[in-house]
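Here's upload.pdb, which has PDB, C-alpha atoms:
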ATOM      1  CA  MET Y 207      77.011  23.210  -7.191
ATOM      2  CA  SER Y 208      75.066  26.170  -5.886
ATOM      3  CA  GLN Y 209      74.237  26.237  -2.219
ATOM      4  CA  PRO Y 210      70.967  27.298  -0.649
ATOM      5  CA  ALA Y 211      71.286  30.915   0.441
ATOM      6  CA  GLU Y 212      70.122  30.319   3.996
ATOM      7  CA  ASN Y 213      72.997  27.934   4.626
ATOM      8  CA  GLU Y 214      75.443  30.676   3.874
ATOM      9  CA  THR Y 215      73.833  33.400   5.893
ATOM     10  CA  LEU Y 216      72.631  31.394   8.855
ATOM     11  CA  PRO Y 217      75.067  28.537   9.469
ATOM     12  CA  GLN Y 218      73.759  27.983  12.982
ATOM     13  CA  GLU Y 219      70.407  26.863  11.520
ATOM     14  CA  GLN Y 220      71.861  24.114   9.341
ATOM     15  CA  LYS Y 221      69.681  21.389  10.780
ATOM     16  CA  PRO Y 222      68.723  18.682   8.276
ATOM     17  CA  LYS Y 223      65.191  18.936   6.979
ATOM     18  CA  LEU Y 224      62.399  16.579   8.018
ATOM     19  CA  TRP Y 225      62.682  14.610   4.809
ATOM     20  CA  VAL Y 226      66.226  13.653   5.674
ATOM     21  CA  TYR Y 227      64.953  12.017   8.846
ATOM     22  CA  LEU Y 228      62.150  10.301   6.955
ATOM     23  CA  LEU Y 229      64.480   9.036   4.219
ATOM     24  CA  PRO Y 230      65.682   5.885   6.068
ATOM     25  CA  LEU Y 231      62.078   5.041   6.912
ATOM     26  CA  GLY Y 232      61.127   5.490   3.268
ATOM     27  CA  LEU Y 233      64.003   3.291   2.084
ATOM     28  CA  PHE Y 234      63.014   0.693   4.652
ATOM     29  CA  GLY Y 235      59.467   0.828   3.305
ATOM     30  CA  VAL Y 236      60.677   0.236  -0.268
ATOM     31  CA  LEU Y 237      62.793  -2.679   0.963
ATOM     32  CA  MET Y 238      59.759  -4.162   2.708
ATOM     33  CA  ILE Y 239      57.729  -3.935  -0.487
ATOM     34  CA  PHE Y 240      60.472  -5.801  -2.382
ATOM     35  CA  PHE Y 241      60.671  -8.395   0.379
ATOM     36  CA  PHE Y 242      56.912  -8.796   0.494
ATOM     37  CA  PHE Y 243      56.677  -9.635  -3.190
ATOM     38  CA  GLY Y 244      60.092 -11.256  -3.555
ATOM     39  CA  LEU Y 245      59.795 -13.651  -0.641
ATOM     40  CA  GLY Y 246      56.243 -14.520  -1.643
ATOM     41  CA  LEU Y 247      57.565 -16.042  -4.881
ATOM     42  CA  ASN Y 248      58.223 -19.750  -4.958
ATOM     43  CA  PRO Y 249      61.769 -20.260  -6.306
ATOM     44  CA  ARG Y 250      60.773 -23.737  -7.474
ATOM     45  CA  LEU Y 251      58.248 -22.354  -9.938
ATOM     46  CA  LEU Y 252      60.266 -21.297 -12.938
ATOM     47  CA  PRO Y 253      58.694 -19.528 -15.896
ATOM     48  CA  SER Y 254      58.866 -21.852 -18.879
ATOM     49  CA  PRO Y 255      60.299 -20.347 -22.066
ATOM     50  CA  LEU Y 256      58.192 -22.911 -23.945
ATOM     51  CA  ILE Y 257      54.905 -21.071 -23.371
ATOM     52  CA  GLY Y 258      53.674 -19.923 -26.773
ATOM     53  CA  GLN Y 259      56.081 -22.274 -28.542
ATOM     54  CA  PRO Y 260      55.188 -25.395 -30.510
ATOM     55  CA  ALA Y 261      55.444 -28.627 -28.535
ATOM     56  CA  PRO Y 262      59.010 -29.973 -28.915
ATOM     57  CA  ASP Y 263      59.588 -32.727 -31.447
ATOM     58  CA  PHE Y 264      59.674 -36.251 -30.153
ATOM     59  CA  SER Y 265      59.019 -39.785 -31.229
ATOM     60  CA  LEU Y 266      58.815 -42.333 -28.444
ATOM     61  CA  PRO Y 267      57.493 -45.866 -27.914
ATOM     62  CA  LYS Y 268      54.087 -46.299 -26.345
ATOM     63  CA  LEU Y 269      53.915 -47.646 -22.831
ATOM     64  CA  SER Y 270      51.078 -50.013 -23.705
ATOM     65  CA  ASN Y 271      52.741 -51.215 -26.907
ATOM     66  CA  PRO Y 272      56.464 -50.498 -27.437
ATOM     67  CA  ASP Y 273      56.141 -51.303 -31.159
ATOM     68  CA  GLU Y 274      53.971 -48.237 -31.694
ATOM     69  CA  THR Y 275      55.328 -44.723 -31.412
ATOM     70  CA  ILE Y 276      53.857 -41.459 -30.221
ATOM     71  CA  GLN Y 277      54.941 -38.226 -31.873
ATOM     72  CA  ASN Y 278      54.289 -34.637 -31.104
ATOM     73  CA  VAL Y 279      51.857 -34.434 -34.060
ATOM     74  CA  ASP Y 280      49.624 -36.706 -31.985
ATOM     75  CA  LEU Y 281      49.205 -33.757 -29.639
ATOM     76  CA  THR Y 282      47.524 -31.562 -32.249
ATOM     77  CA  GLY Y 283      43.902 -31.386 -33.392
ATOM     78  CA  GLU Y 284      42.341 -30.745 -30.004
ATOM     79  CA  VAL Y 285      43.212 -29.111 -26.716
ATOM     80  CA  SER Y 286      45.113 -31.629 -24.613
ATOM     81  CA  LEU Y 287      47.229 -32.058 -21.505
ATOM     82  CA  LEU Y 288      50.686 -33.546 -21.380
ATOM     83  CA  ASN Y 289      51.553 -34.898 -17.960
ATOM     84  CA  ILE Y 290      55.131 -35.877 -17.088
ATOM     85  CA  TRP Y 291      55.183 -38.608 -14.477
ATOM     86  CA  ALA Y 292      57.017 -41.618 -13.071
ATOM     87  CA  THR Y 293      56.403 -44.270 -10.446
ATOM     88  CA  TRP Y 294      59.390 -43.061  -8.380
ATOM     89  CA  CYS Y 295      57.700 -39.668  -8.120
ATOM     90  CA  THR Y 296      55.730 -39.480  -4.891
ATOM     91  CA  SER Y 297      53.882 -36.285  -5.830
ATOM     92  CA  CYS Y 298      52.648 -38.111  -8.938
ATOM     93  CA  ARG Y 299      50.921 -40.604  -6.659
ATOM     94  CA  GLN Y 300      49.348 -37.640  -4.862
ATOM     95  CA  GLU Y 301      48.221 -36.149  -8.165
ATOM     96  CA  HIS Y 302      46.900 -39.387  -9.627
ATOM     97  CA  PRO Y 303      43.339 -39.261  -8.185
ATOM     98  CA  VAL Y 304      42.947 -35.726  -9.573
ATOM     99  CA  LEU Y 305      44.048 -36.920 -13.013
ATOM    100  CA  MET Y 306      41.448 -39.716 -12.728
ATOM    101  CA  LYS Y 307      38.731 -37.146 -12.011
ATOM    102  CA  ILE Y 308      39.905 -34.973 -14.911
ATOM    103  CA  ALA Y 309      39.793 -38.028 -17.188
ATOM    104  CA  GLU Y 310      36.264 -38.826 -15.968
ATOM    105  CA  SER Y 311      35.126 -35.307 -16.802
ATOM    106  CA  LYS Y 312      36.087 -35.996 -20.455
ATOM    107  CA  GLU Y 313      36.958 -32.331 -20.911
ATOM    108  CA  VAL Y 314      40.388 -33.020 -22.318
ATOM    109  CA  PRO Y 315      42.590 -36.006 -23.198
ATOM    110  CA  ILE Y 316      45.636 -36.489 -20.980
ATOM    111  CA  HIS Y 317      48.796 -37.613 -22.730
ATOM    112  CA  GLY Y 318      51.448 -39.047 -20.450
ATOM    113  CA  LEU Y 319      55.189 -38.682 -20.752
ATOM    114  CA  TYR Y 320      56.467 -41.570 -18.677
ATOM    115  CA  TYR Y 321      59.777 -40.157 -17.520
ATOM    116  CA  LYS Y 322      62.938 -42.122 -16.677
ATOM    117  CA  ASP Y 323      61.280 -45.228 -15.338
ATOM    118  CA  GLN Y 324      60.844 -48.913 -16.137
ATOM    119  CA  PRO Y 325      57.846 -49.598 -18.439
ATOM    120  CA  ALA Y 326      56.817 -52.627 -16.359
ATOM    121  CA  LEU Y 327      56.473 -50.484 -13.235
ATOM    122  CA  GLY Y 328      54.340 -47.951 -15.098
ATOM    123  CA  ILE Y 329      52.003 -50.621 -16.424
ATOM    124  CA  GLU Y 330      51.664 -52.072 -12.931
ATOM    125  CA  TRP Y 331      50.907 -48.593 -11.524
ATOM    126  CA  LEU Y 332      48.153 -47.997 -14.078
ATOM    127  CA  ASN Y 333      46.661 -51.448 -13.419
ATOM    128  CA  ASN Y 334      46.658 -50.847  -9.673
ATOM    129  CA  TYR Y 335      45.493 -47.252  -9.455
ATOM    130  CA  GLY Y 336      43.617 -46.754 -12.720
ATOM    131  CA  ASN Y 337      44.634 -45.230 -16.030
ATOM    132  CA  PRO Y 338      43.700 -41.586 -16.615
ATOM    133  CA  TYR Y 339      45.876 -41.347 -19.725
ATOM    134  CA  TYR Y 340      44.806 -41.363 -23.353
ATOM    135  CA  ASP Y 341      48.242 -42.780 -24.096
ATOM    136  CA  ASN Y 342      51.760 -42.767 -22.652
ATOM    137  CA  ALA Y 343      55.112 -42.131 -24.289
ATOM    138  CA  VAL Y 344      58.097 -43.779 -22.620
ATOM    139  CA  ASP Y 345      61.110 -41.497 -22.155
ATOM    140  CA  MET Y 346      63.614 -43.866 -20.595
ATOM    141  CA  ASP Y 347      66.745 -41.723 -20.775
ATOM    142  CA  GLY Y 348      65.025 -38.393 -20.082
ATOM    143  CA  LYS Y 349      66.121 -36.848 -23.391
ATOM    144  CA  VAL Y 350      62.596 -35.794 -24.319
ATOM    145  CA  GLY Y 351      62.123 -34.496 -20.774
ATOM    146  CA  ILE Y 352      65.024 -32.116 -21.417
ATOM    147  CA  GLU Y 353      63.362 -30.989 -24.659
ATOM    148  CA  TRP Y 354      60.282 -30.105 -22.588
ATOM    149  CA  GLY Y 355      62.375 -28.353 -19.949
ATOM    150  CA  ALA Y 356      61.258 -30.825 -17.281
ATOM    151  CA  TYR Y 357      62.939 -30.322 -13.922
ATOM    152  CA  GLY Y 358      60.474 -31.634 -11.385
ATOM    153  CA  THR Y 359      57.806 -34.261 -11.896
ATOM    154  CA  PRO Y 360      54.897 -34.039 -12.087
ATOM    155  CA  GLU Y 361      54.664 -31.300 -14.681
ATOM    156  CA  THR Y 362      51.634 -30.676 -16.816
ATOM    157  CA  PHE Y 363      51.402 -28.732 -20.049
ATOM    158  CA  VAL Y 364      48.251 -27.391 -21.692
ATOM    159  CA  ILE Y 365      48.560 -27.730 -25.464
ATOM    160  CA  ASP Y 366      46.152 -26.104 -27.878
ATOM    161  CA  GLN Y 367      44.688 -27.424 -31.148
ATOM    162  CA  GLU Y 368      47.681 -26.203 -33.141
ATOM    163  CA  GLY Y 369      50.112 -28.006 -30.851
ATOM    164  CA  ILE Y 370      51.253 -24.786 -29.172
ATOM    165  CA  ILE Y 371      52.097 -24.952 -25.470
ATOM    166  CA  ARG Y 372      49.816 -22.537 -23.611
ATOM    167  CA  TYR Y 373      50.465 -23.224 -19.961
ATOM    168  CA  LYS Y 374      52.725 -25.176 -17.670
ATOM    169  CA  HIS Y 375      51.860 -26.381 -14.211
ATOM    170  CA  VAL Y 376      54.748 -27.557 -12.035
ATOM    171  CA  GLY Y 377      53.976 -29.931  -9.187
ATOM    172  CA  PRO Y 378      50.862 -31.994  -8.550
ATOM    173  CA  ILE Y 379      47.605 -30.548  -9.872
ATOM    174  CA  SER Y 380      45.018 -30.141  -7.163
ATOM    175  CA  TRP Y 381      41.297 -30.213  -7.899
ATOM    176  CA  HIS Y 382      41.319 -26.520  -7.029
ATOM    177  CA  ASP Y 383      44.034 -25.843  -9.652
ATOM    178  CA  TRP Y 384      41.981 -27.739 -12.196
ATOM    179  CA  GLN Y 385      38.806 -25.788 -11.505
ATOM    180  CA  THR Y 386      40.293 -22.322 -11.129
ATOM    181  CA  THR Y 387      43.154 -22.341 -13.636
ATOM    182  CA  LEU Y 388      43.340 -25.280 -16.015
ATOM    183  CA  LEU Y 389      39.685 -25.817 -16.895
ATOM    184  CA  PRO Y 390      38.924 -22.126 -17.581
ATOM    185  CA  LEU Y 391      42.013 -21.938 -19.815
ATOM    186  CA  ILE Y 392      41.016 -25.122 -21.645
ATOM    187  CA  ASN Y 393      37.494 -23.770 -22.221
ATOM    188  CA  LEU Y 394      38.939 -20.513 -23.494
ATOM    189  CA  LEU Y 395      41.212 -22.363 -25.914
ATOM    190  CA  LYS Y 396      38.328 -24.535 -27.116
ATOM    191  CA  ASN Y 397      36.214 -21.444 -27.807
ATOM    192  CA  ASN Y 398      39.059 -19.819 -29.714
ATOM    193  CA  ASN Y 399      39.090 -22.725 -32.134
ATOM    194  CA  GLY Y 400      39.078 -21.454 -35.718
ATOM    195  CA  VAL Y 401      39.511 -17.815 -34.751
TER
ATOM    196  CA  MET D   7      92.414 -27.353  -9.572
ATOM    197  CA  PHE D   8      95.613 -26.936 -11.582
ATOM    198  CA  PHE D   9      96.767 -30.504 -11.254
ATOM    199  CA  VAL D  10      93.591 -31.747 -12.971
ATOM    200  CA  THR D  11      94.575 -30.476 -16.409
ATOM    201  CA  ALA D  12      97.901 -32.239 -16.116
ATOM    202  CA  VAL D  13      96.075 -35.560 -15.998
ATOM    203  CA  SER D  14      94.429 -37.023 -19.113
ATOM    204  CA  ALA D  15      91.426 -35.264 -20.637
ATOM    205  CA  GLU D  16      88.726 -37.059 -18.703
ATOM    206  CA  ILE D  17      86.226 -35.932 -16.102
ATOM    207  CA  ALA D  18      84.261 -38.525 -14.152
ATOM    208  CA  GLY D  19      83.531 -40.906 -17.002
ATOM    209  CA  PHE D  20      83.440 -38.265 -19.722
ATOM    210  CA  PRO D  21      86.441 -38.872 -21.974
ATOM    211  CA  PHE D  22      87.301 -35.919 -24.206
ATOM    212  CA  GLU D  23      89.239 -35.732 -27.436
ATOM    213  CA  SER D  24      91.105 -32.606 -26.449
ATOM    214  CA  GLU D  25      91.888 -30.477 -23.443
ATOM    215  CA  SER D  26      90.068 -27.495 -24.914
ATOM    216  CA  GLN D  27      86.881 -29.578 -25.042
ATOM    217  CA  GLU D  28      87.434 -30.609 -21.462
ATOM    218  CA  GLN D  29      88.001 -27.016 -20.425
ATOM    219  CA  ARG D  30      84.822 -25.928 -22.176
ATOM    220  CA  PHE D  31      82.846 -28.703 -20.496
ATOM    221  CA  ARG D  32      84.262 -27.682 -17.151
ATOM    222  CA  ASP D  33      83.484 -23.990 -17.691
ATOM    223  CA  LEU D  34      79.959 -24.556 -18.962
ATOM    224  CA  SER D  35      79.037 -27.045 -16.260
ATOM    225  CA  THR D  36      79.935 -24.486 -13.605
ATOM    226  CA  GLU D  37      78.057 -21.689 -15.396
ATOM    227  CA  LEU D  38      74.847 -23.695 -15.642
ATOM    228  CA  ARG D  39      72.597 -24.169 -12.667
ATOM    229  CA  CYS D  40      71.078 -27.429 -11.541
ATOM    230  CA  LEU D  41      67.338 -26.767 -11.545
ATOM    231  CA  VAL D  42      66.508 -29.333  -8.898
ATOM    232  CA  CYS D  43      69.041 -28.318  -6.255
ATOM    233  CA  GLN D  44      69.081 -24.672  -7.142
ATOM    234  CA  ASN D  45      72.185 -23.607  -5.280
ATOM    235  CA  GLN D  46      74.416 -26.030  -7.116
ATOM    236  CA  SER D  47      75.868 -25.907 -10.578
ATOM    237  CA  LEU D  48      75.571 -28.808 -12.994
ATOM    238  CA  ALA D  49      79.173 -29.662 -12.103
ATOM    239  CA  ASP D  50      78.439 -29.904  -8.370
ATOM    240  CA  SER D  51      75.098 -31.618  -8.372
ATOM    241  CA  ASN D  52      74.353 -35.319  -8.171
ATOM    242  CA  ALA D  53      70.657 -34.905  -8.954
ATOM    243  CA  GLY D  54      69.329 -37.089 -11.767
ATOM    244  CA  LEU D  55      68.477 -34.102 -13.911
ATOM    245  CA  ALA D  56      71.938 -32.605 -13.420
ATOM    246  CA  GLN D  57      73.470 -35.888 -14.588
ATOM    247  CA  ASP D  58      71.235 -35.888 -17.653
ATOM    248  CA  LEU D  59      72.079 -32.277 -18.441
ATOM    249  CA  ARG D  60      75.784 -33.004 -17.951
ATOM    250  CA  THR D  61      75.468 -35.850 -20.450
ATOM    251  CA  GLU D  62      73.656 -33.518 -22.849
ATOM    252  CA  LEU D  63      76.385 -30.913 -22.349
ATOM    253  CA  TYR D  64      79.086 -33.535 -22.864
ATOM    254  CA  GLU D  65      77.568 -34.706 -26.140
ATOM    255  CA  GLN D  66      77.240 -31.165 -27.411
ATOM    256  CA  VAL D  67      80.822 -30.292 -26.457
ATOM    257  CA  LEU D  68      82.047 -33.474 -28.191
ATOM    258  CA  SER D  69      80.185 -32.535 -31.365
ATOM    259  CA  ASN D  70      81.945 -29.160 -31.108
ATOM    260  CA  ASN D  71      78.847 -27.008 -30.703
ATOM    261  CA  SER D  72      79.859 -23.493 -29.731
ATOM    262  CA  SER D  73      79.345 -22.342 -26.161
ATOM    263  CA  ASP D  74      76.728 -19.871 -27.398
ATOM    264  CA  GLU D  75      74.827 -22.664 -29.113
ATOM    265  CA  ILE D  76      74.889 -24.792 -25.983
ATOM    266  CA  ILE D  77      73.728 -21.920 -23.782
ATOM    267  CA  ARG D  78      70.935 -21.175 -26.258
ATOM    268  CA  PHE D  79      69.917 -24.841 -26.187
ATOM    269  CA  MET D  80      69.696 -24.753 -22.398
ATOM    270  CA  THR D  81      67.877 -21.426 -22.089
ATOM    271  CA  GLU D  82      65.351 -22.295 -24.813
ATOM    272  CA  ARG D  83      64.260 -25.210 -22.652
ATOM    273  CA  TYR D  84      64.856 -24.068 -19.091
ATOM    274  CA  GLY D  85      64.845 -20.273 -19.319
ATOM    275  CA  ASP D  86      67.425 -17.772 -18.100
ATOM    276  CA  PHE D  87      67.234 -19.293 -14.639
ATOM    277  CA  ILE D  88      69.663 -22.004 -15.726
ATOM    278  CA  LEU D  89      72.364 -19.351 -16.105
ATOM    279  CA  TYR D  90      74.200 -18.487 -12.920
ATOM    280  CA  LYS D  91      75.283 -15.155 -14.325
ATOM    281  CA  PRO D  92      72.222 -13.129 -15.341
ATOM    282  CA  ARG D  93      72.135 -11.952 -18.928
ATOM    283  CA  PHE D  94      72.460  -8.301 -19.808
ATOM    284  CA  ALA D  95      68.942  -7.569 -21.068
ATOM    285  CA  THR D  96      66.206  -4.960 -20.668
ATOM    286  CA  LYS D  97      64.533  -6.833 -17.836
ATOM    287  CA  THR D  98      67.825  -7.237 -15.982
ATOM    288  CA  LEU D  99      68.962  -3.603 -16.382
ATOM    289  CA  LEU D 100      67.792  -2.786 -12.857
ATOM    290  CA  LEU D 101      69.739  -5.728 -11.503
ATOM    291  CA  TRP D 102      72.935  -4.638 -13.210
ATOM    292  CA  PHE D 103      72.694  -0.909 -12.559
ATOM    293  CA  THR D 104      71.236  -0.709  -9.046
ATOM    294  CA  PRO D 105      74.639  -1.038  -7.333
ATOM    295  CA  ILE D 106      76.126   1.768  -9.455
ATOM    296  CA  LEU D 107      73.015   3.873  -8.920
ATOM    297  CA  LEU D 108      73.137   3.338  -5.157
ATOM    298  CA  PHE D 109      76.819   4.247  -5.160
ATOM    299  CA  ILE D 110      76.127   7.522  -6.955
ATOM    300  CA  VAL D 111      73.285   8.338  -4.546
ATOM    301  CA  ALA D 112      75.534   7.523  -1.582
ATOM    302  CA  VAL D 113      78.334   9.754  -2.889
ATOM    303  CA  PHE D 114      75.813  12.551  -3.431
ATOM    304  CA  PHE D 115      74.601  12.366   0.162
ATOM    305  CA  LEU D 116      78.129  12.071   1.457
ATOM    306  CA  ILE D 117      79.108  15.325  -0.231
ATOM    307  CA  ARG D 118      75.834  17.055   0.509
ATOM    308  CA  PHE D 119      75.905  16.394   4.254
ATOM    309  CA  SER D 120      79.584  16.055   5.016
ATOM    310  CA  LYS D 121      80.977  17.899   8.018
ATOM    311  CA  PHE D 122      83.850  19.107   5.912
ATOM    312  CA  ARG D 123      81.502  21.039   3.651
ATOM    313  CA  ASN D 124      79.729  22.714   6.556
ATOM    314  CA  GLN D 125      83.051  23.784   8.034
ATOM    315  CA  SER D 126      84.281  25.183   4.770
ATOM    316  CA  GLN D 127      81.122  27.259   4.641
ATOM    317  CA  GLN D 128      81.634  28.576   8.147
ATOM    318  CA  VAL D 129      85.170  29.809   7.588
ATOM    319  CA  GLN D 130      83.848  32.102   4.890
ATOM    320  CA  PRO D 131      81.244  34.325   6.583
ATOM    321  CA  SER D 132      79.469  36.743   4.310
ATOM    322  CA  GLU D 133      80.072  40.474   4.358
ATOM    323  CA  GLU D 134      76.754  40.955   6.121
ATOM    324  CA  GLU D 135      77.700  38.529   8.881
ATOM    325  CA  LEU D 136      81.040  40.204   9.399
ATOM    326  CA  LYS D 137      79.282  43.505   9.733
ATOM    327  CA  LYS D 138      76.951  42.059  12.367
ATOM    328  CA  VAL D 139      79.880  40.614  14.291
ATOM    329  CA  ARG D 140      81.741  43.910  14.242
ATOM    330  CA  GLU D 141      78.678  45.712  15.548
ATOM    331  CA  LEU D 142      78.284  43.194  18.364
ATOM    332  CA  LEU D 143      81.925  43.477  19.300
ATOM    333  CA  LYS D 144      81.639  47.243  19.279
ATOM    334  CA  ALA D 145      78.601  47.088  21.587
ATOM    335  CA  GLN D 146      80.545  44.805  23.909
ATOM    336  CA  GLU D 147      83.431  47.282  24.003
ATOM    337  CA  GLN D 148      81.110  50.154  24.807
ATOM    338  CA  LYS D 149      79.517  48.246  27.704
ATOM    339  CA  LYS D 150      82.908  47.981  29.325
TER
END
Serialized structure, structure tokens:
Amino acid sequence: MSQPAENETLPQEQKPKLWVYLLPLGLFGVLMIFFFFGLGLNPRLLPSPLIGQPAPDFSLPKLSNPDETIQNVDLTGEVSLLNIWATWCTSCRQEHPVLMKIAESKEVPIHGLYYKDQPALGIEWLNNYGNPYYDNAVDMDGKVGIEWGAYGTPETFVIDQEGIIRYKHVGPISWHDWQTTLLPLINLLKNNNGV
Amino acid sequence: MFFVTAVSAEIAGFPFESESQEQRFRDLSTELRCLVCQNQSLADSNAGLAQDLRTELYEQVLSNNSSDEIIRFMTERYGDFILYKPRFATKTLLLWFTPILLFIVAVFFLIRFSKFRNQSQQVQPSEEELKKVRELLKAQEQKK
């Protein structure tokens, strides 16, 4: 390593440069930037590897009629939502009025995945609070939930005409989420039809 | 944990056909994260989802799926987050190499600014400096 000439000739002037003093401040600044963005992230919101993938295969009994089955091919043909819910899920109760409003808007059919719960309780829930769902598939043992990477109800997927998952919303949908994120995406997907 | 293997091949209601299967189940369930209670592994957690994923893991171990296959199954559905140990990939390069990088930078600064280095420089004054010193000493002598 070569040394700066002035260090050799004038050892008494070997004071560190200004940048050496500013270095800790700079490092602190970088740390703050990482903290600002890192701590702003919600660790509960995990990126789903299913985005851009076809909806996972399933074949489950219908909530309204256990003799009929719902399959993932039923999710193709038009843009739709798949909402994972249960009666034991308190946030689902919170989300329910928003789902009712979405159903009223007739923008998109909502398919339900009734997750790890008794069918009778689900039917009672829909009778009491209203039914925003086009249909409901009953996933008693949670196997299909695993296929969909479900980890916290309610979860809602946006599925396009080809049955490809385009978006995942974890947690209850608010009306604001619907208007600012979900609806614009759904309109975009509808317009892309046939392209 | 050593005494556990001495007992029959069974963990909390999961009977295994062999001890190697049991060992694999044990290893994988500690490598995989429970997504509900995020600071617990599948082995530690009592959350409903962790139980379901343990059952899934158990069935796959029993059908002798390889550990790679099982990990692929889990990450295809839940993403890399389910792995406690981050994968070695392009997007995790920074994560893996930052400690080494910081170490190298630290060593550089240590050498660059160490006292030892400054002293070693001072014990070897240049010819020019020696000349200056001699002149000063001479002037001092003459004053006396």
Checklist entry - Mind telling me what the PyMOL selection byres ((chain D) within 12 of (chain Y)) catches here, as a PyMOL selection string? => result chain D and resi 39-45+53-63+65+78-88+108+114-115+117-121+123-136+138
Checklist entry - In Å, how far is it from CA of Ile76 in chain D to CA of Leu34 in chain D? => result 8.7 Å
Item to check | Contacts of Lys396 in chain Y within 12 Å, all atoms listed in the file, excl. fewer than 4 positions in-chain, as a ChimeraX atom specification | outcome: /Y:283-286,313-314,364-368,389-392,400-401
Next on the checklist: Just checking: using all atoms listed in the file, which residue out of D:Asn52, D:Gln66, D:Ser47, D:Thr104 ends up closest to Glu28 in chain D?
Outcome noted: D:Gln66
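Here the PyMOL selection byres ((chain Y and resi 323) around 8) captures the residues Ala292, Thr293, Trp294, Tyr320, Tyr321, Lys322, Gln324, Pro325, Leu327, Gly328, Asp345 and Met346 of chain Y.
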Item to check | Spatial sel., origin (80.6, -30.0, -19.7), limit 7 Å, all atoms listed in the file, listed as a ChimeraX atom specification | outcome: /D:30-35,60,63-64,67
Keeping C-alpha atoms for every residue in the selection just given, could you write it to a file as a compact mmCIF listing (two decimals), in the frame of the given file?
# COMPACT_ATOMS: atom_id res chain seq x y z
CA ARG D 30 84.82 -25.93 -22.18
CA PHE D 31 82.85 -28.70 -20.50
CA ARG D 32 84.26 -27.68 -17.15
CA ASP D 33 83.48 -23.99 -17.69
CA LEU D 34 79.96 -24.56 -18.96
CA SER D 35 79.04 -27.04 -16.26
CA ARG D 60 75.78 -33.00 -17.95
CA LEU D 63 76.39 -30.91 -22.35
CA TYR D 64 79.09 -33.53 -22.86
CA VAL D 67 80.82 -30.29 -26.46
Checklist entry - Got a sec: who's within 8 Å of Gly258 in chain Y, counting all atoms listed in the file, leaving out chain neighbours fewer than 2 positions off, as an MDAnalysis selection string? => result chainID Y and resid 256 260 370:372
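Here CA of Val350 in chain Y stands at a distance of 27.9 Å from CA of Asn393 in chain Y.
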Checklist entry - Between Y:His382, Y:Pro230, Y:Gly369, Y:Gly377, which is the closest to Asp263 in chain Y once you count all atoms listed in the file? => result Y:Gly369
Could I get range 308-334 of chain Y from the block written out with C-alpha atoms, as a CSV table (one decimal), in the first residue's frame?
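Result saved to decode_34.csv:
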chain,number,residue,atom,x,y,z
Y,308,ILE,CA,-69.1,-5.3,-3.5
Y,309,ALA,CA,-71.8,-7.9,-4.4
Y,310,GLU,CA,-74.4,-5.1,-4.8
Y,311,SER,CA,-72.2,-3.3,-7.2
Y,312,LYS,CA,-72.3,-6.4,-9.5
Y,313,GLU,CA,-68.8,-5.6,-10.7
Y,314,VAL,CA,-67.5,-9.1,-10.0
Y,315,PRO,CA,-68.7,-12.4,-8.6
Y,316,ILE,CA,-67.3,-13.4,-5.2
Y,317,HIS,CA,-66.5,-17.1,-4.7
Y,318,GLY,CA,-66.1,-18.1,-1.1
Y,319,LEU,CA,-63.7,-20.7,0.3
Y,320,TYR,CA,-65.3,-21.6,3.6
Y,321,TYR,CA,-62.3,-22.5,5.6
Y,322,LYS,CA,-62.1,-25.1,8.5
Y,323,ASP,CA,-65.6,-24.5,9.8
Y,324,GLN,CA,-68.9,-26.3,10.3
Y,325,PRO,CA,-71.2,-26.0,7.2
Y,326,ALA,CA,-74.2,-25.4,9.5
Y,327,LEU,CA,-72.6,-22.4,11.1
Y,328,GLY,CA,-71.7,-20.9,7.7
Y,329,ILE,CA,-75.3,-21.3,6.4
Y,330,GLU,CA,-76.6,-19.6,9.6
Y,331,TRP,CA,-74.1,-16.8,9.2
Y,332,LEU,CA,-75.2,-16.1,5.6
Y,333,ASN,CA,-78.9,-16.3,6.6
Y,334,ASN,CA,-78.3,-13.8,9.4
